[in-house]
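Trainee: What follows is protein-v2.pdb; its format and atoms are PDB, C-alpha atoms.
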ATOM      1  CA  MET A   1     -75.753  -3.667 171.636
ATOM      2  CA  LYS A   2     -79.337  -3.195 172.747
ATOM      3  CA  PRO A   3     -81.187  -5.735 174.942
ATOM      4  CA  GLY A   4     -82.520  -8.659 172.949
ATOM      5  CA  MET A   5     -80.245  -7.988 169.961
ATOM      6  CA  SER A   6     -77.194  -9.950 171.068
ATOM      7  CA  LEU A   7     -78.010 -13.056 169.014
ATOM      8  CA  ILE A   8     -78.618 -11.200 165.755
ATOM      9  CA  LYS A   9     -76.013 -11.874 163.094
ATOM     10  CA  HIS A  10     -75.625  -9.211 160.407
ATOM     11  CA  TYR A  11     -73.692  -9.385 157.132
ATOM     12  CA  LEU A  12     -72.343  -5.872 156.648
ATOM     13  CA  GLN A  13     -68.916  -6.745 155.257
ATOM     14  CA  PHE A  14     -67.074  -9.908 154.237
ATOM     15  CA  LYS A  15     -65.108 -10.183 157.477
ATOM     16  CA  ASP A  16     -68.330 -10.465 159.515
ATOM     17  CA  LEU A  17     -68.152 -14.249 159.041
ATOM     18  CA  ARG A  18     -65.350 -16.653 159.942
ATOM     19  CA  THR A  19     -63.476 -19.067 157.668
ATOM     20  CA  GLU A  20     -65.494 -22.075 158.877
ATOM     21  CA  GLU A  21     -68.749 -20.206 158.325
ATOM     22  CA  TYR A  22     -67.742 -19.604 154.721
ATOM     23  CA  ALA A  23     -66.898 -23.280 154.288
ATOM     24  CA  TYR A  24     -70.436 -24.093 155.432
ATOM     25  CA  LEU A  25     -72.091 -21.351 153.325
ATOM     26  CA  LEU A  26     -70.254 -22.288 150.131
ATOM     27  CA  ALA A  27     -71.103 -25.979 150.568
ATOM     28  CA  ARG A  28     -74.692 -25.063 151.378
ATOM     29  CA  THR A  29     -74.902 -22.919 148.246
ATOM     30  CA  ALA A  30     -73.968 -25.931 146.112
ATOM     31  CA  VAL A  31     -76.822 -27.944 147.668
ATOM     32  CA  ILE A  32     -79.361 -25.144 147.221
ATOM     33  CA  LYS A  33     -78.277 -24.511 143.619
ATOM     34  CA  GLN A  34     -78.546 -28.205 142.745
ATOM     35  CA  ARG A  35     -82.069 -28.306 144.136
ATOM     36  CA  PHE A  36     -82.933 -25.297 141.974
ATOM     37  CA  LYS A  37     -81.504 -26.986 138.867
ATOM     38  CA  ASN A  38     -83.457 -30.158 139.656
ATOM     39  CA  TYR A  39     -86.707 -28.178 140.061
ATOM     40  CA  GLU A  40     -86.974 -29.440 143.646
ATOM     41  CA  LYS A  41     -89.246 -27.291 145.796
ATOM     42  CA  TYR A  42     -87.441 -26.070 148.896
ATOM     43  CA  THR A  43     -89.209 -23.469 151.027
ATOM     44  CA  PRO A  44     -87.587 -23.106 154.475
ATOM     45  CA  LEU A  45     -88.462 -19.394 154.667
ATOM     46  CA  VAL A  46     -92.248 -19.683 154.459
ATOM     47  CA  ASP A  47     -93.915 -16.810 156.345
ATOM     48  CA  ARG A  48     -90.630 -14.888 156.452
ATOM     49  CA  THR A  49     -90.427 -11.424 154.886
ATOM     50  CA  LEU A  50     -87.411  -9.654 153.400
ATOM     51  CA  ALA A  51     -87.406  -5.856 153.173
ATOM     52  CA  MET A  52     -85.170  -4.565 150.378
ATOM     53  CA  ILE A  53     -84.129  -0.917 150.706
ATOM     54  CA  PHE A  54     -82.558   0.749 147.682
ATOM     55  CA  GLU A  55     -80.859   4.131 147.762
ATOM     56  CA  LYS A  56     -78.759   3.075 144.750
ATOM     57  CA  ALA A  57     -80.326   1.708 141.575
ATOM     58  CA  SER A  58     -80.061  -2.022 141.033
ATOM     59  CA  THR A  59     -80.730  -4.807 138.551
ATOM     60  CA  ARG A  60     -78.829  -7.912 139.691
ATOM     61  CA  THR A  61     -79.128  -7.211 143.412
ATOM     62  CA  ARG A  62     -82.882  -6.723 143.243
ATOM     63  CA  VAL A  63     -83.631  -9.689 140.975
ATOM     64  CA  SER A  64     -81.304 -12.073 142.814
ATOM     65  CA  PHE A  65     -82.636 -11.254 146.296
ATOM     66  CA  GLU A  66     -86.281 -11.039 145.255
ATOM     67  CA  ALA A  67     -86.320 -14.212 143.146
ATOM     68  CA  GLY A  68     -84.255 -16.040 145.752
ATOM     69  CA  MET A  69     -86.572 -15.110 148.630
ATOM     70  CA  TYR A  70     -89.653 -16.180 146.663
ATOM     71  CA  GLN A  71     -87.990 -19.478 145.733
ATOM     72  CA  MET A  72     -87.297 -20.112 149.419
ATOM     73  CA  GLY A  73     -90.996 -19.596 150.198
ATOM     74  CA  GLY A  74     -90.759 -16.089 151.634
ATOM     75  CA  SER A  75     -92.107 -12.726 150.567
ATOM     76  CA  VAL A  76     -90.496  -9.408 149.715
ATOM     77  CA  VAL A  77     -91.194  -5.731 150.418
ATOM     78  CA  ASN A  78     -89.312  -3.429 148.049
ATOM     79  CA  LEU A  79     -88.550   0.124 149.248
ATOM     80  CA  THR A  80     -86.756   2.980 147.513
ATOM     81  CA  THR A  81     -85.997   6.448 148.842
ATOM     82  CA  GLY A  82     -88.660   7.800 146.490
ATOM     83  CA  ASP A  83     -91.542   5.818 148.019
ATOM     84  CA  SER A  84     -90.603   5.719 151.703
ATOM     85  CA  GLN A  85     -89.576   8.020 154.556
ATOM     86  CA  LEU A  86     -85.940   7.000 154.049
ATOM     87  CA  GLY A  87     -85.477   9.866 151.627
ATOM     88  CA  ARG A  88     -87.452  12.379 153.715
ATOM     89  CA  ALA A  89     -85.224  13.142 156.665
ATOM     90  CA  GLU A  90     -86.507  10.484 159.084
ATOM     91  CA  PRO A  91     -83.488   9.401 161.145
ATOM     92  CA  ILE A  92     -82.108   6.081 159.917
ATOM     93  CA  GLU A  93     -82.329   4.801 163.500
ATOM     94  CA  ASP A  94     -86.093   5.415 163.563
ATOM     95  CA  SER A  95     -86.597   3.727 160.199
ATOM     96  CA  ALA A  96     -84.662   0.696 161.432
ATOM     97  CA  LYS A  97     -86.710   0.398 164.624
ATOM     98  CA  VAL A  98     -89.986   0.470 162.692
ATOM     99  CA  ILE A  99     -89.106  -1.656 159.653
ATOM    100  CA  SER A 100     -87.421  -4.367 161.708
ATOM    101  CA  ARG A 101     -90.584  -4.840 163.796
ATOM    102  CA  MET A 102     -92.507  -5.802 160.659
ATOM    103  CA  VAL A 103     -90.104  -8.005 158.684
ATOM    104  CA  ASP A 104     -87.644 -10.819 159.373
ATOM    105  CA  LEU A 105     -84.661  -9.687 157.320
ATOM    106  CA  VAL A 106     -83.442  -6.442 155.722
ATOM    107  CA  MET A 107     -81.183  -5.961 152.694
ATOM    108  CA  ILE A 108     -79.859  -2.433 152.086
ATOM    109  CA  ARG A 109     -78.092  -1.014 149.041
ATOM    110  CA  THR A 110     -76.865   2.459 149.895
ATOM    111  CA  TYR A 111     -73.928   4.857 149.746
ATOM    112  CA  GLU A 112     -72.131   5.171 153.092
ATOM    113  CA  GLN A 113     -71.274   2.095 155.154
ATOM    114  CA  THR A 114     -71.986   4.189 158.266
ATOM    115  CA  LYS A 115     -75.659   4.443 157.266
ATOM    116  CA  LEU A 116     -75.867   0.652 156.961
ATOM    117  CA  GLU A 117     -74.177   0.226 160.330
ATOM    118  CA  ALA A 118     -76.556   2.709 161.988
ATOM    119  CA  PHE A 119     -79.539   0.784 160.621
ATOM    120  CA  ALA A 120     -78.121  -2.559 161.809
ATOM    121  CA  ALA A 121     -77.394  -1.171 165.290
ATOM    122  CA  ASN A 122     -81.095  -0.358 165.673
ATOM    123  CA  SER A 123     -82.553  -3.407 163.925
ATOM    124  CA  ARG A 124     -84.270  -6.348 165.617
ATOM    125  CA  VAL A 125     -83.530  -8.546 162.591
ATOM    126  CA  PRO A 126     -80.464  -9.446 160.499
ATOM    127  CA  VAL A 127     -79.262  -6.818 158.018
ATOM    128  CA  ILE A 128     -77.426  -7.658 154.772
ATOM    129  CA  ASN A 129     -75.184  -5.325 152.795
ATOM    130  CA  GLY A 130     -76.476  -5.277 149.205
ATOM    131  CA  LEU A 131     -73.678  -2.828 148.297
ATOM    132  CA  THR A 132     -72.144   0.278 149.842
ATOM    133  CA  ASN A 133     -69.375   2.619 148.693
ATOM    134  CA  GLU A 134     -66.944   0.643 150.852
ATOM    135  CA  TYR A 135     -67.944  -3.035 150.461
ATOM    136  CA  HIS A 136     -69.855  -5.516 148.294
ATOM    137  CA  PRO A 137     -69.721  -8.798 150.253
ATOM    138  CA  CYS A 138     -72.550 -10.682 148.501
ATOM    139  CA  GLN A 139     -70.824 -10.196 145.144
ATOM    140  CA  ILE A 140     -67.486 -11.557 146.373
ATOM    141  CA  LEU A 141     -69.288 -14.469 148.010
ATOM    142  CA  ALA A 142     -70.787 -15.246 144.582
ATOM    143  CA  ASP A 143     -67.418 -14.824 142.877
ATOM    144  CA  VAL A 144     -65.657 -17.191 145.274
ATOM    145  CA  PHE A 145     -68.421 -19.764 144.858
ATOM    146  CA  THR A 146     -68.153 -19.457 141.067
ATOM    147  CA  TYR A 147     -64.397 -20.043 141.208
ATOM    148  CA  ILE A 148     -64.836 -23.126 143.401
ATOM    149  CA  GLU A 149     -67.565 -24.436 141.107
ATOM    150  CA  HIS A 150     -65.263 -24.219 138.075
ATOM    151  CA  ARG A 151     -61.795 -24.848 139.503
ATOM    152  CA  GLY A 152     -62.030 -26.192 143.067
ATOM    153  CA  SER A 153     -60.626 -24.608 146.211
ATOM    154  CA  ILE A 154     -59.508 -20.975 146.009
ATOM    155  CA  GLN A 155     -57.095 -21.416 148.932
ATOM    156  CA  GLY A 156     -53.503 -20.783 147.853
ATOM    157  CA  LYS A 157     -54.546 -19.352 144.490
ATOM    158  CA  VAL A 158     -53.857 -15.915 143.002
ATOM    159  CA  VAL A 159     -56.644 -13.453 142.182
ATOM    160  CA  ALA A 160     -55.698 -10.428 140.056
ATOM    161  CA  TRP A 161     -57.691  -7.227 140.541
ATOM    162  CA  VAL A 162     -57.235  -4.743 137.695
ATOM    163  CA  GLY A 163     -58.782  -1.282 137.963
ATOM    164  CA  ASP A 164     -60.298   0.894 140.672
ATOM    165  CA  GLY A 165     -59.428   0.356 144.356
ATOM    166  CA  ASN A 166     -63.154   0.398 145.109
ATOM    167  CA  ASN A 167     -65.693  -1.513 147.214
ATOM    168  CA  MET A 168     -65.052  -4.695 145.221
ATOM    169  CA  ALA A 169     -61.288  -4.430 145.722
ATOM    170  CA  ASN A 170     -61.751  -3.803 149.463
ATOM    171  CA  THR A 171     -63.919  -6.893 149.742
ATOM    172  CA  TRP A 172     -61.554  -9.068 147.696
ATOM    173  CA  LEU A 173     -58.809  -8.090 150.160
ATOM    174  CA  GLN A 174     -60.953  -9.175 153.119
ATOM    175  CA  ALA A 175     -61.704 -12.455 151.328
ATOM    176  CA  ALA A 176     -58.017 -13.096 150.620
ATOM    177  CA  ASP A 177     -57.215 -12.648 154.307
ATOM    178  CA  ILE A 178     -60.032 -14.933 155.487
ATOM    179  CA  LEU A 179     -59.954 -17.629 152.799
ATOM    180  CA  GLY A 180     -56.182 -17.886 152.333
ATOM    181  CA  PHE A 181     -55.438 -16.760 148.784
ATOM    182  CA  THR A 182     -53.260 -13.944 147.403
ATOM    183  CA  LEU A 183     -54.673 -10.785 145.849
ATOM    184  CA  HIS A 184     -52.637  -9.082 143.128
ATOM    185  CA  VAL A 185     -53.757  -5.461 142.760
ATOM    186  CA  SER A 186     -53.025  -2.956 140.021
ATOM    187  CA  THR A 187     -54.737   0.443 140.017
ATOM    188  CA  PRO A 188     -53.934   3.780 138.391
ATOM    189  CA  SER A 189     -52.154   6.329 140.551
ATOM    190  CA  GLY A 190     -54.639   8.068 142.813
ATOM    191  CA  TYR A 191     -57.099   5.172 142.814
ATOM    192  CA  GLU A 192     -55.191   2.798 145.077
ATOM    193  CA  LEU A 193     -56.645   0.181 147.370
ATOM    194  CA  ASP A 194     -56.535   1.290 151.019
ATOM    195  CA  PRO A 195     -56.005  -1.709 153.343
ATOM    196  CA  LYS A 196     -57.204   0.461 156.256
ATOM    197  CA  VAL A 197     -60.674   0.717 154.700
ATOM    198  CA  ALA A 198     -60.727  -3.047 154.275
ATOM    199  CA  GLY A 199     -59.458  -3.382 157.843
ATOM    200  CA  VAL A 200     -56.805  -5.901 156.792
ATOM    201  CA  SER A 201     -53.370  -5.718 158.404
ATOM    202  CA  ASN A 202     -52.061  -9.005 156.943
ATOM    203  CA  THR A 203     -49.674  -7.857 154.209
ATOM    204  CA  ASN A 204     -48.914 -11.444 153.124
ATOM    205  CA  CYS A 205     -52.240 -11.797 151.305
ATOM    206  CA  VAL A 206     -51.800  -8.835 148.941
ATOM    207  CA  LYS A 207     -49.227  -7.695 146.366
ATOM    208  CA  VAL A 208     -49.433  -4.336 144.578
ATOM    209  CA  PHE A 209     -48.240  -3.832 140.991
ATOM    210  CA  LYS A 210     -47.895  -0.615 138.980
ATOM    211  CA  ASN A 211     -48.258  -2.506 135.705
ATOM    212  CA  PRO A 212     -51.558  -4.405 135.358
ATOM    213  CA  LEU A 213     -49.869  -6.980 133.116
ATOM    214  CA  ASP A 214     -47.570  -7.912 136.005
ATOM    215  CA  ALA A 215     -50.556  -8.258 138.350
ATOM    216  CA  CYS A 216     -52.119 -10.789 135.980
ATOM    217  CA  ARG A 217     -48.962 -12.868 135.629
ATOM    218  CA  GLY A 218     -49.642 -16.366 136.968
ATOM    219  CA  ALA A 219     -53.134 -15.461 138.223
ATOM    220  CA  HIS A 220     -55.816 -18.149 138.512
ATOM    221  CA  LEU A 221     -58.581 -15.541 138.312
ATOM    222  CA  VAL A 222     -58.541 -12.098 136.672
ATOM    223  CA  THR A 223     -61.309  -9.723 137.660
ATOM    224  CA  THR A 224     -62.258  -6.091 137.243
ATOM    225  CA  ASP A 225     -65.115  -3.590 137.549
ATOM    226  CA  VAL A 226     -66.350  -0.457 135.800
ATOM    227  CA  TRP A 227     -63.994   2.510 135.929
ATOM    228  CA  THR A 228     -66.675   4.773 137.380
ATOM    229  CA  SER A 229     -68.870   3.331 140.137
ATOM    230  CA  MET A 230     -72.267   4.774 141.103
ATOM    231  CA  GLY A 231     -71.848   7.995 143.017
ATOM    232  CA  TYR A 232     -68.660   8.982 141.168
ATOM    233  CA  GLU A 233     -70.187   9.945 137.799
ATOM    234  CA  ALA A 234     -68.750  13.485 137.991
ATOM    235  CA  GLU A 235     -65.260  11.939 137.703
ATOM    236  CA  ASN A 236     -66.117   9.937 134.587
ATOM    237  CA  GLU A 237     -63.969  11.779 132.014
ATOM    238  CA  ALA A 238     -60.960  12.044 134.340
ATOM    239  CA  ARG A 239     -61.245   8.335 135.114
ATOM    240  CA  LYS A 240     -61.389   7.380 131.420
ATOM    241  CA  THR A 241     -58.024   9.063 130.948
ATOM    242  CA  ALA A 242     -56.451   7.659 134.123
ATOM    243  CA  PHE A 243     -57.662   4.095 133.530
ATOM    244  CA  ALA A 244     -56.811   3.844 129.800
ATOM    245  CA  ASP A 245     -54.108   1.192 130.380
ATOM    246  CA  TRP A 246     -56.235  -0.835 132.817
ATOM    247  CA  CYS A 247     -58.425  -2.624 130.259
ATOM    248  CA  VAL A 248     -58.326  -6.402 130.757
ATOM    249  CA  ASP A 249     -57.412  -7.696 127.299
ATOM    250  CA  ARG A 250     -56.100 -10.866 125.665
ATOM    251  CA  GLU A 251     -52.509  -9.916 126.499
ATOM    252  CA  MET A 252     -53.319  -9.841 130.230
ATOM    253  CA  MET A 253     -55.223 -13.134 130.079
ATOM    254  CA  ALA A 254     -52.317 -14.707 128.142
ATOM    255  CA  VAL A 255     -49.858 -14.156 131.021
ATOM    256  CA  ALA A 256     -52.286 -15.568 133.592
ATOM    257  CA  GLN A 257     -52.561 -19.318 134.200
ATOM    258  CA  PRO A 258     -53.608 -21.227 131.048
ATOM    259  CA  ASP A 259     -56.929 -22.138 132.698
ATOM    260  CA  ALA A 260     -57.442 -18.743 134.379
ATOM    261  CA  LEU A 261     -61.011 -17.493 134.691
ATOM    262  CA  PHE A 262     -62.271 -13.982 134.008
ATOM    263  CA  MET A 263     -64.964 -12.378 136.186
ATOM    264  CA  HIS A 264     -66.800  -9.059 136.238
ATOM    265  CA  CYS A 265     -69.636  -8.114 138.610
ATOM    266  CA  LEU A 266     -71.519  -6.356 135.754
ATOM    267  CA  PRO A 267     -72.737  -4.160 134.191
ATOM    268  CA  ALA A 268     -69.707  -4.124 131.878
ATOM    269  CA  HIS A 269     -68.499  -1.565 129.354
ATOM    270  CA  ARG A 270     -66.798  -3.494 126.558
ATOM    271  CA  GLY A 271     -63.788  -1.591 125.275
ATOM    272  CA  GLU A 272     -63.283   0.225 128.582
ATOM    273  CA  GLU A 273     -62.420  -1.952 131.597
ATOM    274  CA  VAL A 274     -62.552  -5.188 129.573
ATOM    275  CA  ALA A 275     -62.104  -6.121 125.934
ATOM    276  CA  ALA A 276     -65.130  -7.693 124.253
ATOM    277  CA  ASP A 277     -63.147 -10.795 123.260
ATOM    278  CA  VAL A 278     -62.302 -11.392 126.937
ATOM    279  CA  ILE A 279     -65.729 -10.962 128.537
ATOM    280  CA  ASP A 280     -67.365 -12.868 125.673
ATOM    281  CA  GLY A 281     -64.490 -15.343 125.372
ATOM    282  CA  PRO A 282     -64.022 -18.925 126.628
ATOM    283  CA  GLN A 283     -62.365 -17.964 129.943
ATOM    284  CA  SER A 284     -65.216 -15.696 131.004
ATOM    285  CA  VAL A 285     -67.684 -17.038 133.583
ATOM    286  CA  VAL A 286     -69.585 -13.776 134.112
ATOM    287  CA  TRP A 287     -73.028 -15.265 133.442
ATOM    288  CA  ASP A 288     -72.529 -18.108 135.939
ATOM    289  CA  GLU A 289     -71.161 -15.496 138.331
ATOM    290  CA  ALA A 290     -74.282 -13.332 137.938
ATOM    291  CA  GLU A 291     -76.638 -16.280 138.502
ATOM    292  CA  ASN A 292     -74.673 -17.392 141.537
ATOM    293  CA  ARG A 293     -75.513 -14.139 143.337
ATOM    294  CA  MET A 294     -78.978 -15.609 143.806
ATOM    295  CA  HIS A 295     -77.761 -18.972 145.077
ATOM    296  CA  VAL A 296     -75.214 -17.655 147.605
ATOM    297  CA  GLN A 297     -77.745 -15.122 148.885
ATOM    298  CA  LYS A 298     -80.327 -17.878 149.386
ATOM    299  CA  ALA A 299     -77.781 -19.775 151.488
ATOM    300  CA  LEU A 300     -76.911 -16.567 153.359
ATOM    301  CA  MET A 301     -80.543 -15.690 154.114
ATOM    302  CA  GLU A 302     -81.223 -19.247 155.292
ATOM    303  CA  TYR A 303     -78.154 -19.112 157.538
ATOM    304  CA  LEU A 304     -79.008 -15.728 159.074
ATOM    305  CA  LEU A 305     -82.618 -16.692 159.748
ATOM    306  CA  ILE A 306     -82.400 -20.382 160.624
ATOM    307  CA  GLY A 307     -78.757 -21.164 161.322
ATOM    308  CA  ARG A 308     -76.939 -24.261 160.113
ATOM    309  CA  ILE A 309     -78.965 -26.998 158.464
ATOM    310  CA  GLY A 310     -77.844 -30.526 159.278
TER     311      GLY A 310
END
Before anything else, please render the file you have as structure tokens.
Mentor:
Amino acid sequence: MKPGMSLIKHYLQFKDLRTEEYAYLLARTAVIKQRFKNYEKYTPLVDRTLAMIFEKASTRTRVSFEAGMYQMGGSVVNLTTGDSQLGRAEPIEDSAKVISRMVDLVMIRTYEQTKLEAFAANSRVPVINGLTNEYHPCQILADVFTYIEHRGSIQGKVVAWVGDGNNMANTWLQAADILGFTLHVSTPSGYELDPKVAGVSNTNCVKVFKNPLDACRGAHLVTTDVWTSMGYEAENEARKTAFADWCVDREMMAVAQPDALFMHCLPAHRGEEVAADVIDGPQSVVWDEAENRMHVQKALMEYLLIGRIG
């Protein structure tokens, strides 16, 4: 840790915050969302600037962070590798030292977690993970908030993850460990979740199933993701074959709890990882889930820049 950086709090993966911090953030999100719905002006981040750095393409991440920052009274600088030195061999450490002298907060969506960590280690301001190959903490924060909004506390509940043992699955495992629920995981052979990547040694919070139907049995929330994440497009055809039985359909939802919710971080491919009558059906909350990215990120940005309110 460099001099003067000891008080900076980053959000690079879900386990960067403690259980009580999540209790505060989730409650704060509800307040901020209600203000938004009531058209109440709330601008605590006036004169603050967010730099958004994209090495991976984005729709929801960009719109949710950009709209959220503007709603909170701040401004946004949007950078991609095509229009900055990030894609032209400048060391990530140098980019971090320069950019963080000019803005108050940085959100990065990139490939390797190590690149994000190198940036944060050289940044004077908080850094947020907008997605890496290993983790997607802002999405899981939104998903947990969405569950609470619809069904109450997630503690003690069962979340079923069906599909790839990817960045979403890693982050769900961290969330299960911190927030006290059980993660049921079913992935095709060769695409397993690796608890070492998630950094979770608590085996009580996760159960692995070969059959995805068994993973969904008794679940309060069933969730999935695309079969081929960004950066793995070359594996697309092989994955389509391997994942054929891991489509969340009505049969899987039928063995879950009667009031189970379905979530998907989007974009979705109907007929691949989820059946159209599930994602467009009455148990699906994917549109609330997508909107809630903006609200949880507003609470997160406020917390990283200002600290607790009240």
Trainee: Calculate how many Å separate atom CA of A:Tyr39 from atom CA of A:Met52, rounding to one decimal.
Mentor: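 Between atom CA of A:Tyr39 and atom CA of A:Met52 the gap works out to 25.8 Å.
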Trainee: Where does the PyMOL selection byres ((chain A and resi 54) around 9) land in this file, that is, which residues does it pick, as number ranges by chain?
Mentor: A: 52-53, 55-58, 62, 78-81, 107-110, 130
Trainee: I'd like to know which of A:Ala120, A:Val77, A:Ile140, A:Leu266 is closest to A:Lys97, using only C-alpha atoms.
Mentor: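 Going through A:Ala120, A:Val77, A:Ile140, A:Leu266 one by one, the smallest distance to A:Lys97 is for A:Ala120.
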Trainee: Report the distance between atom CA of A:Ser284 and atom CA of A:Ala256 in Å, rounded to one decimal place.
Mentor: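 About the pair atom CA of A:Ser284 and atom CA of A:Ala256: they are 13.2 Å apart.
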Trainee: Can you give me, as a PyMOL selection string, the residues this file yields under the PyMOL selection byres ((chain A and resi 189) around 12)?
Mentor: chain A and resi 163-165+186-188+190-193+208-212+239+241-246
Trainee: Can you translate the PyMOL selection byres ((chain A and resi 26-29) around 12) into the concrete residues it hits in this file, as JSON, numbers by chain?
Mentor: {"A": [19, 20, 21, 22, 23, 24, 25, 30, 31, 32, 33, 34, 35, 36, 68, 138, 140, 141, 142, 143, 144, 145, 146, 147, 148, 149, 152, 153, 154, 179, 291, 292, 293, 294, 295, 296, 297, 298, 299, 300, 301, 302, 303, 307, 308, 309, 310]}
Trainee: For A:Ala219, work out the shell of residues within 6 Å, counting only C-alpha atoms and skipping chain neighbours fewer than 5 positions away, then give it as a PyMOL selection string.
Mentor: chain A and resi 158-160+256-257
Trainee: Using all atoms listed in the file for the distances, tell me which of A:Leu12, A:Cys265, A:Val226, A:Val127 is nearest to A:Glu289.
Mentor: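 Among the listed residues, the smallest separation from A:Glu289 belongs to A:Cys265.
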Trainee: I want to know what sits within 8 Å of A:Arg250, based on only C-alpha atoms, with residues of the same chain fewer than 6 positions away left out; could you give that as an mmCIF file with C-alpha atoms, keeping the file's coordinate frame?
Mentor:
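Saved the output as selection.cif:
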data_model
loop_
_atom_site.group_PDB
_atom_site.id
_atom_site.type_symbol
_atom_site.label_atom_id
_atom_site.label_comp_id
_atom_site.auth_asym_id
_atom_site.auth_seq_id
_atom_site.Cartn_x
_atom_site.Cartn_y
_atom_site.Cartn_z
ATOM 1 C CA ALA A 275 -62.104 -6.121 125.934
ATOM 2 C CA ASP A 277 -63.147 -10.795 123.260
ATOM 3 C CA VAL A 278 -62.302 -11.392 126.937
#
Trainee: Ranking A:Arg217, A:Lys9, A:His136, A:Arg60 by minimum distance to A:Asn167 and counting only C-alpha atoms, which one comes first?
Mentor: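 Closest to A:Asn167, using only C-alpha atoms: A:His136.
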Trainee: Can you measure atom CA of A:Ala169 to atom CA of A:Ala96 for me? One decimal in Å is fine.
Mentor: 28.6 Å
Trainee: Identify, on the basis of only C-alpha atoms, every residue whose closest approach to A:Pro258 does not exceed 10 Å; exclude the query and any residue fewer than 5 positions from it along the same chain; express the result as an MDAnalysis selection string.
Mentor: chainID A and resid 218:220 253 283
Trainee: A:Val222, A:Cys216, A:Leu45, A:Ile178: which is nearest A:Arg18, counting all atoms listed in the file?
Mentor: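 Looking only at the distances to A:Arg18, the closest residue turns out to be A:Ile178.
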Trainee: For each of A:Val255, A:Glu134, A:Gln71, A:His264, take the minimum atom-to-atom distance to A:Tyr111, counting all atoms listed in the file, then give the residue where this is smallest.
Mentor: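 Going through A:Val255, A:Glu134, A:Gln71, A:His264 one by one, the smallest distance to A:Tyr111 is for A:Glu134.
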Trainee: Which residues are near A:Ile279? Cut-off 10 Å, all atoms listed in the file, ignore same chain within fewer than 4 positions. Put them as a list in words.
Mentor: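 So, after excluding close chain neighbours, the residues are Val248, Asp249, Phe262, Met263, His264, Ala268, His269, Arg270, Val274, Ala275, Gln283, Ser284, Val285, Val286 and Trp287 of chain A.
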Trainee: Keeping C-alpha atoms, export the residues of the selection given above as a PDB file, keeping the file's coordinate frame.
Mentor:
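Writing the result to out_19.pdb gives the following:
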ATOM      1  CA  VAL A 248     -58.326  -6.402 130.757  1.00  0.00           C
ATOM      2  CA  ASP A 249     -57.412  -7.696 127.299  1.00  0.00           C
ATOM      3  CA  PHE A 262     -62.271 -13.982 134.008  1.00  0.00           C
ATOM      4  CA  MET A 263     -64.964 -12.378 136.186  1.00  0.00           C
ATOM      5  CA  HIS A 264     -66.800  -9.059 136.238  1.00  0.00           C
ATOM      6  CA  ALA A 268     -69.707  -4.124 131.878  1.00  0.00           C
ATOM      7  CA  HIS A 269     -68.499  -1.565 129.354  1.00  0.00           C
ATOM      8  CA  ARG A 270     -66.798  -3.494 126.558  1.00  0.00           C
ATOM      9  CA  VAL A 274     -62.552  -5.188 129.573  1.00  0.00           C
ATOM     10  CA  ALA A 275     -62.104  -6.121 125.934  1.00  0.00           C
ATOM     11  CA  GLN A 283     -62.365 -17.964 129.943  1.00  0.00           C
ATOM     12  CA  SER A 284     -65.216 -15.696 131.004  1.00  0.00           C
ATOM     13  CA  VAL A 285     -67.684 -17.038 133.583  1.00  0.00           C
ATOM     14  CA  VAL A 286     -69.585 -13.776 134.112  1.00  0.00           C
ATOM     15  CA  TRP A 287     -73.028 -15.265 133.442  1.00  0.00           C
TER      16      TRP A 287
END
Trainee: Restricting the calculation to all atoms listed in the file, which member of A:Glu112, A:Asp225, A:Glu90, A:Asp194 is positioned closest to A:Met168?
Mentor: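 Of A:Glu112, A:Asp225, A:Glu90, A:Asp194, the one nearest A:Met168 is A:Asp225, counting all atoms listed in the file.
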Trainee: Because the input lacks atoms here, generate N, CA and C atoms for stretch 27-35 of chain A and report them as an mmCIF file, in the frame of the given file.
Mentor:
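As a result, part20.cif now contains:
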data_model
loop_
_atom_site.group_PDB
_atom_site.id
_atom_site.type_symbol
_atom_site.label_atom_id
_atom_site.label_comp_id
_atom_site.auth_asym_id
_atom_site.auth_seq_id
_atom_site.Cartn_x
_atom_site.Cartn_y
_atom_site.Cartn_z
ATOM 1 N N ALA A 27 -70.591 -24.619 150.769
ATOM 2 C CA ALA A 27 -71.103 -25.979 150.568
ATOM 3 C C ALA A 27 -72.623 -25.970 150.506
ATOM 4 N N ARG A 28 -73.225 -25.160 151.345
ATOM 5 C CA ARG A 28 -74.692 -25.063 151.378
ATOM 6 C C ARG A 28 -75.230 -24.478 150.072
ATOM 7 N N THR A 29 -74.505 -23.510 149.522
ATOM 8 C CA THR A 29 -74.902 -22.919 148.246
ATOM 9 C C THR A 29 -74.974 -23.979 147.150
ATOM 10 N N ALA A 30 -73.984 -24.872 147.134
ATOM 11 C CA ALA A 30 -73.968 -25.931 146.112
ATOM 12 C C ALA A 30 -75.214 -26.813 146.219
ATOM 13 N N VAL A 31 -75.627 -27.124 147.448
ATOM 14 C CA VAL A 31 -76.822 -27.944 147.668
ATOM 15 C C VAL A 31 -78.073 -27.210 147.191
ATOM 16 N N ILE A 32 -78.182 -25.945 147.583
ATOM 17 C CA ILE A 32 -79.361 -25.144 147.221
ATOM 18 C C ILE A 32 -79.433 -24.933 145.712
ATOM 19 N N LYS A 33 -78.286 -24.695 145.070
ATOM 20 C CA LYS A 33 -78.277 -24.511 143.619
ATOM 21 C C LYS A 33 -78.695 -25.796 142.909
ATOM 22 N N GLN A 34 -78.191 -26.938 143.383
ATOM 23 C CA GLN A 34 -78.546 -28.205 142.745
ATOM 24 C C GLN A 34 -80.037 -28.480 142.849
ATOM 25 N N ARG A 35 -80.621 -28.153 143.985
ATOM 26 C CA ARG A 35 -82.069 -28.306 144.136
ATOM 27 C C ARG A 35 -82.812 -27.439 143.121
#
